[in-house]
Structures are given as C-alpha cells and as structure tokens.
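See below for model.tsv, which holds TSV, C-alpha atoms.
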chain	number	residue	atom	x	y	z
A	30	MET	CA	1.75	-2.09	-29.77
A	31	ALA	CA	-0.95	-0.95	-27.36
A	32	ARG	CA	-3.58	-3.61	-26.70
A	33	SER	CA	-6.52	-3.87	-24.36
A	34	MET	CA	-8.39	-6.42	-22.27
A	35	SER	CA	-10.94	-6.70	-25.07
A	36	ASP	CA	-8.33	-8.78	-26.91
A	37	LEU	CA	-8.75	-11.42	-24.19
A	38	PRO	CA	-11.65	-13.86	-24.05
A	39	GLU	CA	-14.44	-12.49	-21.83
A	40	SER	CA	-14.05	-15.31	-19.29
A	41	GLU	CA	-10.44	-14.25	-18.64
A	42	ALA	CA	-11.18	-10.63	-17.73
A	43	TYR	CA	-10.38	-9.69	-14.14
A	44	ARG	CA	-12.88	-7.23	-12.67
A	45	LEU	CA	-11.39	-4.89	-10.06
A	46	ALA	CA	-14.86	-3.89	-8.87
A	47	THR	CA	-15.49	-7.39	-7.51
A	48	SER	CA	-11.96	-8.18	-6.26
A	49	PRO	CA	-11.82	-8.47	-2.44
A	50	SER	CA	-8.15	-7.42	-2.30
A	51	HIS	CA	-8.84	-4.37	-4.45
A	52	LEU	CA	-11.90	-3.43	-2.39
A	53	LEU	CA	-9.83	-3.72	0.82
A	54	HIS	CA	-7.30	-1.35	-0.70
A	55	ARG	CA	-9.95	1.15	-1.81
A	56	ALA	CA	-11.56	1.06	1.64
A	57	GLU	CA	-8.19	1.66	3.30
A	58	GLN	CA	-7.70	4.61	0.96
A	59	LEU	CA	-10.73	6.31	2.54
A	60	ALA	CA	-8.77	6.52	5.80
A	61	ALA	CA	-5.46	7.36	4.08
A	62	ASP	CA	-7.04	10.27	2.15
A	63	ARG	CA	-8.77	11.60	5.28
A	64	PHE	CA	-5.45	11.47	7.14
A	65	THR	CA	-3.69	13.41	4.36
A	66	GLN	CA	-6.49	16.02	4.40
A	67	LEU	CA	-5.90	16.49	8.14
A	68	VAL	CA	-2.10	16.43	8.41
A	69	GLY	CA	-0.92	17.39	4.90
A	70	ASP	CA	1.84	15.70	2.96
A	71	SER	CA	4.46	15.55	5.74
A	72	VAL	CA	3.53	12.03	6.85
A	73	THR	CA	1.31	9.31	5.34
A	74	LEU	CA	-1.01	7.02	7.29
A	75	ARG	CA	1.30	4.12	6.38
A	76	GLN	CA	4.32	5.94	7.83
A	77	PHE	CA	2.25	6.76	10.89
A	78	ALA	CA	1.42	3.05	11.32
A	79	VAL	CA	5.12	2.16	11.14
A	80	LEU	CA	5.92	4.82	13.78
A	81	ALA	CA	3.10	3.44	15.95
A	82	ALA	CA	4.46	-0.11	15.55
A	83	ILE	CA	7.93	1.05	16.63
A	84	ALA	CA	6.38	2.87	19.61
A	85	GLU	CA	4.44	-0.26	20.61
A	86	SER	CA	7.56	-2.46	20.56
A	87	PRO	CA	10.77	-0.40	20.63
A	88	GLY	CA	13.82	-2.27	19.34
A	89	LEU	CA	12.14	-4.38	16.63
A	90	SER	CA	14.21	-5.18	13.56
A	91	GLN	CA	13.17	-4.12	10.05
A	92	SER	CA	11.98	-7.67	9.35
A	93	ASP	CA	9.85	-7.59	12.51
A	94	LEU	CA	8.32	-4.33	11.30
A	95	VAL	CA	7.56	-5.82	7.88
A	96	ARG	CA	5.56	-8.53	9.67
A	97	ALA	CA	3.93	-6.12	12.15
A	98	THR	CA	2.76	-3.59	9.59
A	99	GLY	CA	2.29	-5.53	6.34
A	100	VAL	CA	4.46	-2.99	4.51
A	101	ASP	CA	6.51	-4.93	1.98
A	102	ARG	CA	10.24	-5.39	2.45
A	103	SER	CA	11.56	-3.01	-0.21
A	104	THR	CA	9.09	-0.25	0.67
A	105	MET	CA	10.06	-0.68	4.34
A	106	ALA	CA	13.77	-0.29	3.51
A	107	ASP	CA	13.02	3.00	1.68
A	108	MET	CA	10.81	4.19	4.53
A	109	MET	CA	13.46	3.44	7.16
A	110	ASN	CA	16.11	5.38	5.23
A	111	ARG	CA	13.83	8.39	4.82
A	112	MET	CA	12.66	8.27	8.43
A	113	GLU	CA	16.24	8.13	9.68
A	114	THR	CA	17.24	11.08	7.50
A	115	ARG	CA	14.30	13.07	8.89
A	116	GLY	CA	15.32	12.25	12.45
A	117	TRP	CA	12.14	10.25	13.20
A	118	ILE	CA	13.95	7.00	14.07
A	119	THR	CA	17.34	5.69	15.16
A	120	ARG	CA	18.80	2.33	14.11
A	121	VAL	CA	21.44	0.53	16.16
A	122	ALA	CA	23.07	-2.89	15.76
A	123	SER	CA	20.86	-5.51	17.40
A	124	THR	CA	22.29	-7.31	20.43
A	125	LEU	CA	20.46	-10.52	19.36
A	126	ASP	CA	21.30	-10.72	15.65
A	127	ALA	CA	24.52	-9.28	14.22
A	128	ARG	CA	22.94	-8.79	10.77
A	129	ALA	CA	19.86	-6.97	12.08
A	130	ARG	CA	19.47	-3.42	13.32
A	131	SER	CA	16.96	-2.56	15.95
A	132	VAL	CA	14.74	0.45	15.34
A	133	ARG	CA	13.58	3.00	17.91
A	134	LEU	CA	11.77	6.32	17.75
A	135	ALA	CA	13.90	9.45	17.93
A	136	SER	CA	12.53	12.61	19.59
A	137	SER	CA	11.02	14.00	16.36
A	138	GLY	CA	9.32	10.67	15.78
A	139	VAL	CA	7.75	10.72	19.24
A	140	THR	CA	6.58	14.32	18.73
A	141	LEU	CA	5.17	13.54	15.29
A	142	LEU	CA	3.38	10.43	16.54
A	143	ALA	CA	1.83	12.33	19.45
A	144	ALA	CA	0.73	15.20	17.19
A	145	ALA	CA	-0.77	12.95	14.50
A	146	THR	CA	-2.46	10.35	16.73
A	147	HIS	CA	-5.85	12.07	16.94
A	148	HIS	CA	-5.81	12.57	13.17
A	149	ALA	CA	-5.15	8.84	12.68
A	150	ARG	CA	-8.11	8.15	14.96
A	151	ALA	CA	-10.25	10.50	12.85
A	152	ALA	CA	-9.07	8.68	9.71
A	153	ASP	CA	-10.06	5.34	11.27
A	154	ALA	CA	-13.39	6.84	12.27
A	155	ALA	CA	-14.03	7.78	8.61
A	156	ILE	CA	-14.22	4.06	7.88
A	157	LEU	CA	-16.54	3.13	10.74
A	158	ASP	CA	-18.72	6.25	10.37
A	159	ALA	CA	-19.46	5.14	6.80
A	160	LEU	CA	-21.15	2.00	8.13
A	161	PRO	CA	-24.46	1.59	9.97
A	162	LYS	CA	-23.79	1.26	13.71
A	163	THR	CA	-25.22	-2.26	13.74
A	164	LYS	CA	-22.64	-3.47	11.17
A	165	ARG	CA	-19.47	-2.01	12.67
A	166	ARG	CA	-18.70	-4.69	15.24
A	167	ALA	CA	-19.16	-7.57	12.77
A	168	PHE	CA	-16.98	-5.81	10.19
A	169	LEU	CA	-14.17	-5.21	12.71
A	170	ASN	CA	-14.40	-8.82	13.91
A	171	THR	CA	-14.06	-10.10	10.34
A	172	LEU	CA	-11.09	-7.82	9.67
A	173	THR	CA	-9.41	-8.86	12.93
A	174	LYS	CA	-9.83	-12.50	11.94
A	175	LEU	CA	-8.35	-11.88	8.47
A	176	ALA	CA	-5.43	-9.92	9.93
A	177	LYS	CA	-4.70	-12.81	12.30
A	178	ILE	CA	-4.80	-15.36	9.46
A	179	SER	CA	-2.55	-13.05	7.42
A	180	ASP	CA	-0.05	-12.94	10.32
A	181	GLU	CA	-0.09	-16.73	10.67
A	182	ALA	CA	0.36	-17.25	6.91
A	183	ALA	CA	3.30	-14.83	6.89
A	184	ALA	CA	4.91	-16.57	9.90
A	185	LYS	CA	4.44	-19.99	8.24
A	186	ALA	CA	6.00	-18.72	4.98
A	187	ASP	CA	8.91	-17.35	7.03
A	188	ARG	CA	9.47	-20.72	8.74
A	189	GLU	CA	9.36	-22.57	5.40
A	190	GLU	CA	11.79	-20.07	3.89
A	191	ARG	CA	14.21	-20.65	6.78
A	192	LYS	CA	13.79	-24.47	6.58
A	193	LYS	CA	14.50	-24.37	2.85
A	194	ALA	CA	17.61	-22.25	3.39
A	195	LYS	CA	18.80	-24.69	6.08
A	196	ARG	CA	18.18	-27.71	3.79
A	197	THR	CA	20.11	-26.02	0.98
A	198	ARG	CA	23.03	-25.34	3.33
A	199	LYS	CA	22.97	-29.00	4.52
A	200	GLU	CA	22.87	-30.35	0.97
A	201	ARG	CA	25.78	-28.16	-0.02
A	202	ALA	CA	27.77	-29.31	2.99
A	203	LYS	CA	26.93	-32.97	2.18
A	204	LYS	CA	28.03	-32.57	-1.46
A	205	LYS	CA	31.28	-31.06	-0.24
A	206	ASP	CA	31.79	-34.02	2.17
A	207	ASP	CA	30.98	-36.57	-0.58
A	208	LYS	CA	33.41	-34.90	-2.90
A	209	ALA	CA	36.10	-34.92	-0.23
A	210	SER	CA	35.53	-38.64	0.59
A	211	THR	CA	35.51	-39.59	-3.13
A	212	ALA	CA	38.75	-37.74	-3.53
A	213	ARG	CA	40.23	-39.73	-0.62
A	214	LYS	CA	39.18	-43.14	-2.12
A	215	PRO	CA	41.99	-44.92	-3.92
A	216	ARG	CA	41.31	-45.47	-7.63
A	217	ARG	CA	40.71	-49.04	-8.68
B	26	MET	CA	17.72	10.03	21.95
B	27	ALA	CA	15.60	6.91	21.48
B	28	ARG	CA	12.24	7.07	23.24
B	29	SER	CA	9.19	4.88	23.28
B	30	MET	CA	5.41	5.10	23.46
B	31	SER	CA	5.67	4.46	27.19
B	32	ASP	CA	6.81	8.09	27.49
B	33	LEU	CA	3.32	9.12	26.35
B	34	PRO	CA	0.27	9.13	28.60
B	35	GLU	CA	-1.67	5.84	28.25
B	36	SER	CA	-4.74	7.60	26.83
B	37	GLU	CA	-2.66	8.84	23.88
B	38	ALA	CA	-1.36	5.45	22.76
B	39	TYR	CA	-2.58	4.36	19.33
B	40	ARG	CA	-3.21	0.62	19.13
B	41	LEU	CA	-2.60	-0.86	15.67
B	42	ALA	CA	-4.44	-4.05	16.64
B	43	THR	CA	-7.75	-2.16	16.86
B	44	SER	CA	-7.23	0.28	13.99
B	45	PRO	CA	-9.66	-0.36	11.09
B	46	SER	CA	-7.27	1.10	8.50
B	47	HIS	CA	-4.42	-1.08	9.77
B	48	LEU	CA	-6.63	-4.19	9.84
B	49	LEU	CA	-7.73	-3.50	6.25
B	50	HIS	CA	-4.07	-3.31	5.25
B	51	ARG	CA	-3.19	-6.56	7.05
B	52	ALA	CA	-6.15	-8.34	5.47
B	53	GLU	CA	-5.10	-7.12	2.04
B	54	GLN	CA	-1.61	-8.43	2.77
B	55	LEU	CA	-3.03	-11.96	2.99
B	56	ALA	CA	-3.91	-11.74	-0.71
B	57	ALA	CA	-0.68	-9.89	-1.63
B	58	ASP	CA	1.49	-12.55	0.06
B	59	ARG	CA	-0.46	-15.39	-1.58
B	60	PHE	CA	-0.02	-13.72	-4.97
B	61	THR	CA	3.76	-13.39	-4.43
B	62	GLN	CA	3.95	-17.07	-3.41
B	63	LEU	CA	2.26	-18.00	-6.70
B	64	VAL	CA	3.97	-15.68	-9.20
B	65	GLY	CA	7.28	-14.79	-7.52
B	66	ASP	CA	8.80	-11.34	-7.30
B	67	SER	CA	8.31	-10.31	-10.95
B	68	VAL	CA	4.99	-8.54	-10.35
B	69	THR	CA	3.12	-7.49	-7.19
B	70	LEU	CA	-0.63	-7.70	-6.68
B	71	ARG	CA	-0.73	-3.89	-6.65
B	72	GLN	CA	1.04	-3.74	-10.05
B	73	PHE	CA	-1.36	-6.40	-11.30
B	74	ALA	CA	-4.32	-4.26	-10.19
B	75	VAL	CA	-2.92	-1.27	-12.08
B	76	LEU	CA	-2.48	-3.40	-15.23
B	77	ALA	CA	-6.06	-4.67	-14.81
B	78	ALA	CA	-7.33	-1.07	-14.44
B	79	ILE	CA	-5.53	-0.08	-17.65
B	80	ALA	CA	-6.99	-3.12	-19.42
B	81	GLU	CA	-10.50	-2.26	-18.23
B	82	SER	CA	-10.29	1.33	-19.54
B	83	PRO	CA	-7.44	1.76	-22.03
B	84	GLY	CA	-6.29	5.36	-22.45
B	85	LEU	CA	-6.79	6.57	-18.86
B	86	SER	CA	-4.39	9.22	-17.58
B	87	GLN	CA	-2.11	8.67	-14.59
B	88	SER	CA	-4.48	10.77	-12.45
B	89	ASP	CA	-7.42	8.59	-13.55
B	90	LEU	CA	-5.42	5.52	-12.54
B	91	VAL	CA	-4.65	7.03	-9.11
B	92	ARG	CA	-8.40	7.37	-8.58
B	93	ALA	CA	-9.24	3.96	-10.06
B	94	THR	CA	-6.70	1.97	-8.05
B	95	GLY	CA	-6.17	3.94	-4.83
B	96	VAL	CA	-2.40	3.83	-5.40
B	97	ASP	CA	-1.03	7.18	-4.24
B	98	ARG	CA	0.25	9.71	-6.75
B	99	SER	CA	4.02	9.41	-6.14
B	100	THR	CA	3.94	5.59	-6.01
B	101	MET	CA	1.93	5.60	-9.25
B	102	ALA	CA	4.54	7.81	-10.98
B	103	ASP	CA	7.30	5.35	-9.95
B	104	MET	CA	5.20	2.38	-11.07
B	105	MET	CA	4.46	3.92	-14.47
B	106	ASN	CA	8.16	4.60	-15.10
B	107	ARG	CA	9.13	1.05	-14.17
B	108	MET	CA	6.27	-0.49	-16.16
B	109	GLU	CA	7.19	1.52	-19.24
B	110	THR	CA	10.86	0.48	-18.94
B	111	ARG	CA	9.79	-3.17	-18.72
B	112	GLY	CA	7.61	-2.82	-21.80
B	113	TRP	CA	4.34	-3.47	-19.95
B	114	ILE	CA	2.71	-0.16	-20.88
B	115	THR	CA	2.93	2.65	-23.42
B	116	ARG	CA	2.23	6.32	-22.69
B	117	VAL	CA	1.19	8.78	-25.39
B	118	ALA	CA	0.11	12.44	-25.22
B	119	SER	CA	-3.60	12.61	-24.47
B	120	THR	CA	-5.83	14.08	-27.16
B	121	LEU	CA	-8.08	15.59	-24.43
B	122	ASP	CA	-5.55	17.20	-22.11
B	123	ALA	CA	-2.19	18.49	-23.33
B	124	ARG	CA	-0.57	18.01	-19.89
B	125	ALA	CA	-1.78	14.40	-19.46
B	126	ARG	CA	-0.53	11.21	-21.05
B	127	SER	CA	-2.86	8.35	-21.74
B	128	VAL	CA	-1.73	4.90	-20.67
B	129	ARG	CA	-2.27	1.65	-22.56
B	130	LEU	CA	-1.04	-1.91	-22.14
B	131	ALA	CA	1.85	-2.97	-24.36
B	132	SER	CA	2.11	-6.58	-25.59
B	133	SER	CA	4.17	-7.74	-22.58
B	134	GLY	CA	1.62	-6.17	-20.26
B	135	VAL	CA	-1.24	-8.04	-21.93
B	136	THR	CA	0.72	-11.32	-21.74
B	137	LEU	CA	1.62	-10.76	-18.08
B	138	LEU	CA	-1.95	-9.85	-17.17
B	139	ALA	CA	-3.32	-12.94	-18.90
B	140	ALA	CA	-0.72	-15.20	-17.24
B	141	ALA	CA	-1.24	-13.79	-13.73
B	142	THR	CA	-5.04	-13.44	-13.74
B	143	HIS	CA	-5.80	-16.88	-12.26
B	144	HIS	CA	-3.17	-16.27	-9.56
B	145	ALA	CA	-4.85	-12.96	-8.68
B	146	ARG	CA	-8.15	-14.85	-8.43
B	147	ALA	CA	-6.49	-17.39	-6.12
B	148	ALA	CA	-5.11	-14.52	-4.01
B	149	ASP	CA	-8.59	-13.01	-3.75
B	150	ALA	CA	-9.95	-16.43	-2.85
B	151	ALA	CA	-7.47	-16.62	0.05
B	152	ILE	CA	-9.43	-13.77	1.65
B	153	LEU	CA	-12.89	-15.22	1.12
B	154	ASP	CA	-11.83	-18.79	1.96
B	155	ALA	CA	-10.73	-17.55	5.38
B	156	LEU	CA	-14.33	-16.57	6.19
B	157	PRO	CA	-17.36	-18.76	6.90
B	158	LYS	CA	-19.50	-19.04	3.74
B	159	THR	CA	-22.40	-17.29	5.47
B	160	LYS	CA	-20.31	-14.16	6.15
B	161	ARG	CA	-18.71	-13.66	2.74
B	162	ARG	CA	-21.53	-11.83	0.97
B	163	ALA	CA	-22.04	-9.34	3.84
B	164	PHE	CA	-18.30	-8.68	4.04
B	165	LEU	CA	-18.05	-8.03	0.28
B	166	ASN	CA	-21.10	-5.77	0.41
B	167	THR	CA	-19.58	-3.71	3.23
B	168	LEU	CA	-16.27	-3.42	1.36
B	169	THR	CA	-18.04	-2.42	-1.86
B	170	LYS	CA	-19.90	0.29	0.04
B	171	LEU	CA	-16.67	1.60	1.62
B	172	ALA	CA	-14.88	1.57	-1.75
B	173	LYS	CA	-17.74	3.59	-3.26
B	174	ILE	CA	-17.64	6.14	-0.41
B	175	SER	CA	-13.85	6.30	-0.82
B	176	ASP	CA	-14.28	7.04	-4.54
B	177	GLU	CA	-16.86	9.74	-3.83
B	178	ALA	CA	-14.68	11.35	-1.15
B	179	ALA	CA	-11.70	11.37	-3.53
B	180	ALA	CA	-13.80	12.91	-6.33
B	181	LYS	CA	-15.14	15.56	-3.93
B	182	ALA	CA	-11.61	16.41	-2.73
B	183	ASP	CA	-10.55	16.69	-6.37
B	184	ARG	CA	-13.40	19.12	-7.14
B	185	GLU	CA	-12.58	21.24	-4.08
B	186	GLU	CA	-8.90	21.27	-5.03
B	187	ARG	CA	-9.81	22.51	-8.52
B	188	LYS	CA	-12.25	25.12	-7.13
B	189	LYS	CA	-9.58	26.40	-4.76
B	190	ALA	CA	-7.03	26.64	-7.60
B	191	LYS	CA	-9.58	28.54	-9.72
B	192	ARG	CA	-10.37	30.93	-6.82
B	193	THR	CA	-6.65	31.55	-6.28
B	194	ARG	CA	-6.21	32.32	-9.99
B	195	LYS	CA	-9.22	34.70	-9.91
B	196	GLU	CA	-7.97	36.49	-6.79
B	197	ARG	CA	-4.54	36.91	-8.34
B	198	ALA	CA	-6.10	38.30	-11.54
B	199	LYS	CA	-8.28	40.68	-9.47
B	200	LYS	CA	-5.29	41.94	-7.47
B	201	LYS	CA	-3.46	42.57	-10.73
B	202	ASP	CA	-6.49	44.49	-12.11
B	203	ASP	CA	-6.84	46.54	-8.87
B	204	LYS	CA	-3.18	47.37	-8.98
B	205	ALA	CA	-3.46	48.43	-12.63
B	206	SER	CA	-6.55	50.61	-11.95
B	207	THR	CA	-4.92	52.16	-8.84
B	208	ALA	CA	-1.89	52.97	-10.95
B	209	ARG	CA	-4.13	54.64	-13.52
B	210	LYS	CA	-5.91	56.80	-10.90
B	211	PRO	CA	-4.54	60.32	-10.69
B	212	ARG	CA	-2.99	61.11	-7.31
B	213	ARG	CA	-4.94	63.55	-5.19
What is this structure when it is put down as structure tokens?
Amino acid sequence: MARSMSDLPESEAYRLATSPSHLLHRAEQLAADRFTQLVGDSVTLRQFAVLAAIAESPGLSQSDLVRATGVDRSTMADMMNRMETRGWITRVASTLDARARSVRLASSGVTLLAAATHHARAADAAILDALPKTKRRAFLNTLTKLAKISDEAAAKADREERKKAKRTRKERAKKKDDKASTARKPRR
Amino acid sequence: MARSMSDLPESEAYRLATSPSHLLHRAEQLAADRFTQLVGDSVTLRQFAVLAAIAESPGLSQSDLVRATGVDRSTMADMMNRMETRGWITRVASTLDARARSVRLASSGVTLLAAATHHARAADAAILDALPKTKRRAFLNTLTKLAKISDEAAAKADREERKKAKRTRKERAKKKDDKASTARKPRR
C-alpha cells in the first residue's frame, strides 16, 4: 500500500529544504553538473577526485582512498573495478599489508586527470562564483573545518572498530583457554 | 605503467584539500558517517533523503527525484530497483507521462522513514554542532543559496536539453521534407 508523509504527525516530518547534509549535497551537485557539462559522461567529478587523490599519494590502499575522498566503501570497490578495466589505474599487492592492494594511476589515468583538471577547477569556481566575494573566504574556512572534523571522526571510528575487533579476538582466545583448562581439571 | 602526479608540471596539480566541491563532500560525509553509526548498514543517509523526498511529494517520477535530491540518474535507477525489491517503495505508471513511473512510499518505507528520522536529525546536528553558534545561520544561508542556484542550473540544463532534442527532431523532419520535395521535382 502506498502511503505518504502526511500519515505521520507533523512534528515528525523531515524537511529536506532545511537539512544541512542535504544542502551540502545539493551545493556539491552544482559543481558536479558543471563538470559533466564540460567533460561529458566519460568521467564524473567524484571519479576525478579519486584519480586526484591517487595522484597526490600514489600507492594508497582502497581503504586509504575511502578515507581520503569520502566515497563510501562499496561505491569505491565498484569504482576501482571500473577504473582498472578502463586502464585508468593499476592495483598491486601492498608491501605493507598482505590483504591490501596499493593503487596507482596508469597512463590513461594520468592523461585523463591532466585533461580534466581545468574543467574540475571551473566546476569548483561555479560554487565560489555563486557567492559574493566577501563571503567566499569564510565559507571555505567553515568547509575546511568541517572536512577536518569529518576526517578525525572517521579516524576515531576506525580506531574503535579495530579495538573492538582486537577485544573480540582476545575474548575468543580466552574462552578457548578456559575451555582447555576446564577440560584438563580432574572431575571431583 | 604506474605514474604519479609528480610527472605533471606543478602548476597543473589539483589539490583536493582546497577544492570547494571536495570539501562539501567531506563535510557531508560527517553527517553520513554519523547516520551509519546510529542506524547501521541497513539504510544510508542518501537513501533516507530519497525516501524523505518521496514522502514530501508522493507520486514524483524518477527524473523529478533526481532533481529533488541531487542523486545522479544512474545511481537513482539502482536505488529505485533496490528500494522496490526491499518493499520500501512502489512504482506505478504515471497518469501524466506514459514513459514515466510515479514513485510512492510503501508501508516498510514509511516505517523506516519514521524510525530513522531522529537519527537523520542527529546526523544533521553533527554538522551544525561542529560550528560556533554565531556561524551556523550564515553557513546555512550560504548553503541554501547554493542549493537554489544548483536547482536553477539543473532546470536550465534540462530546458536546453529538451530544446536541443526538439531542434534535432525538427531538422530531421525538414531534411525528410526537402528530400521528398527534391524527389518530386522533375529533373532538368
């Protein structure tokens, strides 16, 4: 049965027009659309950002790129597969972590990045040009601050995730030990 | 061959850390990550926003939803398929446009939206809480302005796209007419 928000009490309704996260997304879309107008459908601004992140730090793992770009894990996995197929990137086993693969730009990726860079700058300019000159600096400062807090929150969540995994492993090992020692005890 | 940005002249390098579009995305990620922490992996903040858009205006087409949410066309198509499979939405043939299908929330979608709304509010709050109280209003105003300009740019691009398609159809029809009239003309 199709139902609508009007079935919910008024106080519960979530208004997209006043949601900061939604407004951030819509604002970003201004740049993404401008980029697509300029370069066509061959590469999106998000793909461009991932290529730029790889170019900035060659050899990052996919997890590093998730953190660096804010693209979520499953989308990143899809992107990496497609980019490899298109010859934009290469992935080789990491020397630091056997489970990870380190990502680098392939020749086509370097060419694409170089060709699209001024279009990405124009897309970024579409955002700033929409604002009065006097407001641009403050807006960028606020965004930079939020991006930094976002990075820190993601890093903290990562650390907690790893701690939890470690604790679980320890508890499992302890249970195993307890079981083994109980088994060794003579019955009364 | 793997190459890096260092192969490019310095002036060409694109710095993610100073890119407005990238910073917008990272800032949005702060809310998206907070939302995932609160509700788990069952629904993303982007999916929530699409459900909220459907709830606000039941019966919109997929194209309307692309405009309303800033989710790109191919991602939206994937989302709609998954949401329908999960019983969150229903799609029926539109009464206005034979090619379009109008989207409504199904019962599970309404339940999910109601259950996740306060988490989405908390995720939005994560953005504002990160800013000094005195800066929040100005930041929201700037974002609202950018979102509006983004909407207008998207609507303008849509109109131009339609105009172009109409012109192409006209030119094709004219060529066909010319050909027909040339064929009718007696040869000298």
Requested in this report: With a distance threshold of 7 Å and counting all atoms listed in the file, extract the residues of chain A near chain B and express them as an NGL selection string.
Outcome: :A and (30-34 or 43 or 48-50 or 52-60 or 81 or 84-85 or 87 or 99 or 119 or 133-136 or 146 or 153 or 159 or 168-169 or 172-173 or 175-176 or 179)
Requested in this report: Could you tell me how far CA of Arg126 (chain B) lies from CA of Ser86 (chain B), in Å and to one decimal?
Outcome: 5.6 Å
Query raised in the report: Separation of CA of Ala122 (chain A) and CA of Met108 (chain A), in Å?
Result: 18.1 Å
Shell around His148 (chain A) at 8 Å using only C-alpha atoms, local window under 3 positions removed, as a CSV table (one decimal) with C-alpha atoms, keeping the file's coordinate frame:
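So the final result, stored in selection.csv, reads:
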chain,number,residue,atom,x,y,z
A,64,PHE,CA,-5.4,11.5,7.1
A,67,LEU,CA,-5.9,16.5,8.1
A,68,VAL,CA,-2.1,16.4,8.4
A,145,ALA,CA,-0.8,13.0,14.5
A,151,ALA,CA,-10.2,10.5,12.8
A,152,ALA,CA,-9.1,8.7,9.7
Query raised in the report: What is the CA of Ala106 (chain A) to CA of Lys192 (chain A) distance in Å?
Result: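 Taking CA of Ala106 (chain A) and CA of Lys192 (chain A), their separation equals 24.4 Å.
Closest approach to Ser119 (chain B) from the set B:Leu85, B:Asp154, B:Gln72, B:Gly65 is made by B:Leu85, with distances taken over all atoms listed in the file.
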With the input short on atoms, add N, CA and C atoms back to region 147-163 of chain A and write it as a PDB file, keeping the file's coordinate frame.
ATOM      1  N   HIS A 147      -4.402  11.835  17.010  1.00  0.00           N
ATOM      2  CA  HIS A 147      -5.850  12.070  16.940  1.00  0.00           C
ATOM      3  C   HIS A 147      -6.336  12.171  15.489  1.00  0.00           C
ATOM      4  N   HIS A 148      -5.434  12.556  14.579  1.00  0.00           N
ATOM      5  CA  HIS A 148      -5.810  12.570  13.170  1.00  0.00           C
ATOM      6  C   HIS A 148      -5.939  11.135  12.629  1.00  0.00           C
ATOM      7  N   ALA A 149      -5.053  10.250  13.094  1.00  0.00           N
ATOM      8  CA  ALA A 149      -5.150   8.840  12.680  1.00  0.00           C
ATOM      9  C   ALA A 149      -6.448   8.241  13.201  1.00  0.00           C
ATOM     10  N   ARG A 150      -6.835   8.634  14.412  1.00  0.00           N
ATOM     11  CA  ARG A 150      -8.110   8.150  14.960  1.00  0.00           C
ATOM     12  C   ARG A 150      -9.280   8.667  14.119  1.00  0.00           C
ATOM     13  N   ALA A 151      -9.196   9.920  13.699  1.00  0.00           N
ATOM     14  CA  ALA A 151     -10.250  10.500  12.850  1.00  0.00           C
ATOM     15  C   ALA A 151     -10.311   9.771  11.511  1.00  0.00           C
ATOM     16  N   ALA A 152      -9.128   9.417  10.978  1.00  0.00           N
ATOM     17  CA  ALA A 152      -9.070   8.680   9.710  1.00  0.00           C
ATOM     18  C   ALA A 152      -9.720   7.307   9.875  1.00  0.00           C
ATOM     19  N   ASP A 153      -9.427   6.635  10.975  1.00  0.00           N
ATOM     20  CA  ASP A 153     -10.060   5.340  11.270  1.00  0.00           C
ATOM     21  C   ASP A 153     -11.564   5.491  11.410  1.00  0.00           C
ATOM     22  N   ALA A 154     -11.954   6.597  12.051  1.00  0.00           N
ATOM     23  CA  ALA A 154     -13.390   6.840  12.270  1.00  0.00           C
ATOM     24  C   ALA A 154     -14.117   7.028  10.933  1.00  0.00           C
ATOM     25  N   ALA A 155     -13.406   7.572   9.931  1.00  0.00           N
ATOM     26  CA  ALA A 155     -14.030   7.780   8.610  1.00  0.00           C
ATOM     27  C   ALA A 155     -14.517   6.454   8.049  1.00  0.00           C
ATOM     28  N   ILE A 156     -13.798   5.380   8.357  1.00  0.00           N
ATOM     29  CA  ILE A 156     -14.220   4.060   7.880  1.00  0.00           C
ATOM     30  C   ILE A 156     -15.467   3.601   8.629  1.00  0.00           C
ATOM     31  N   LEU A 157     -15.407   3.636   9.954  1.00  0.00           N
ATOM     32  CA  LEU A 157     -16.540   3.130  10.740  1.00  0.00           C
ATOM     33  C   LEU A 157     -17.781   4.003  10.585  1.00  0.00           C
ATOM     34  N   ASP A 158     -17.579   5.333  10.511  1.00  0.00           N
ATOM     35  CA  ASP A 158     -18.720   6.250  10.370  1.00  0.00           C
ATOM     36  C   ASP A 158     -19.498   5.988   9.083  1.00  0.00           C
ATOM     37  N   ALA A 159     -18.800   5.409   8.084  1.00  0.00           N
ATOM     38  CA  ALA A 159     -19.460   5.140   6.800  1.00  0.00           C
ATOM     39  C   ALA A 159     -20.399   3.943   6.881  1.00  0.00           C
ATOM     40  N   LEU A 160     -20.335   3.209   7.991  1.00  0.00           N
ATOM     41  CA  LEU A 160     -21.150   2.000   8.130  1.00  0.00           C
ATOM     42  C   LEU A 160     -22.277   2.211   9.144  1.00  0.00           C
ATOM     43  N   PRO A 161     -23.402   1.523   8.952  1.00  0.00           N
ATOM     44  CA  PRO A 161     -24.460   1.590   9.970  1.00  0.00           C
ATOM     45  C   PRO A 161     -23.896   1.046  11.293  1.00  0.00           C
ATOM     46  N   LYS A 162     -24.319   1.653  12.395  1.00  0.00           N
ATOM     47  CA  LYS A 162     -23.790   1.260  13.710  1.00  0.00           C
ATOM     48  C   LYS A 162     -23.888  -0.231  13.957  1.00  0.00           C
ATOM     49  N   THR A 163     -24.978  -0.825  13.486  1.00  0.00           N
ATOM     50  CA  THR A 163     -25.220  -2.260  13.740  1.00  0.00           C
ATOM     51  C   THR A 163     -24.228  -3.167  13.007  1.00  0.00           C
TER      52      THR A 163
END
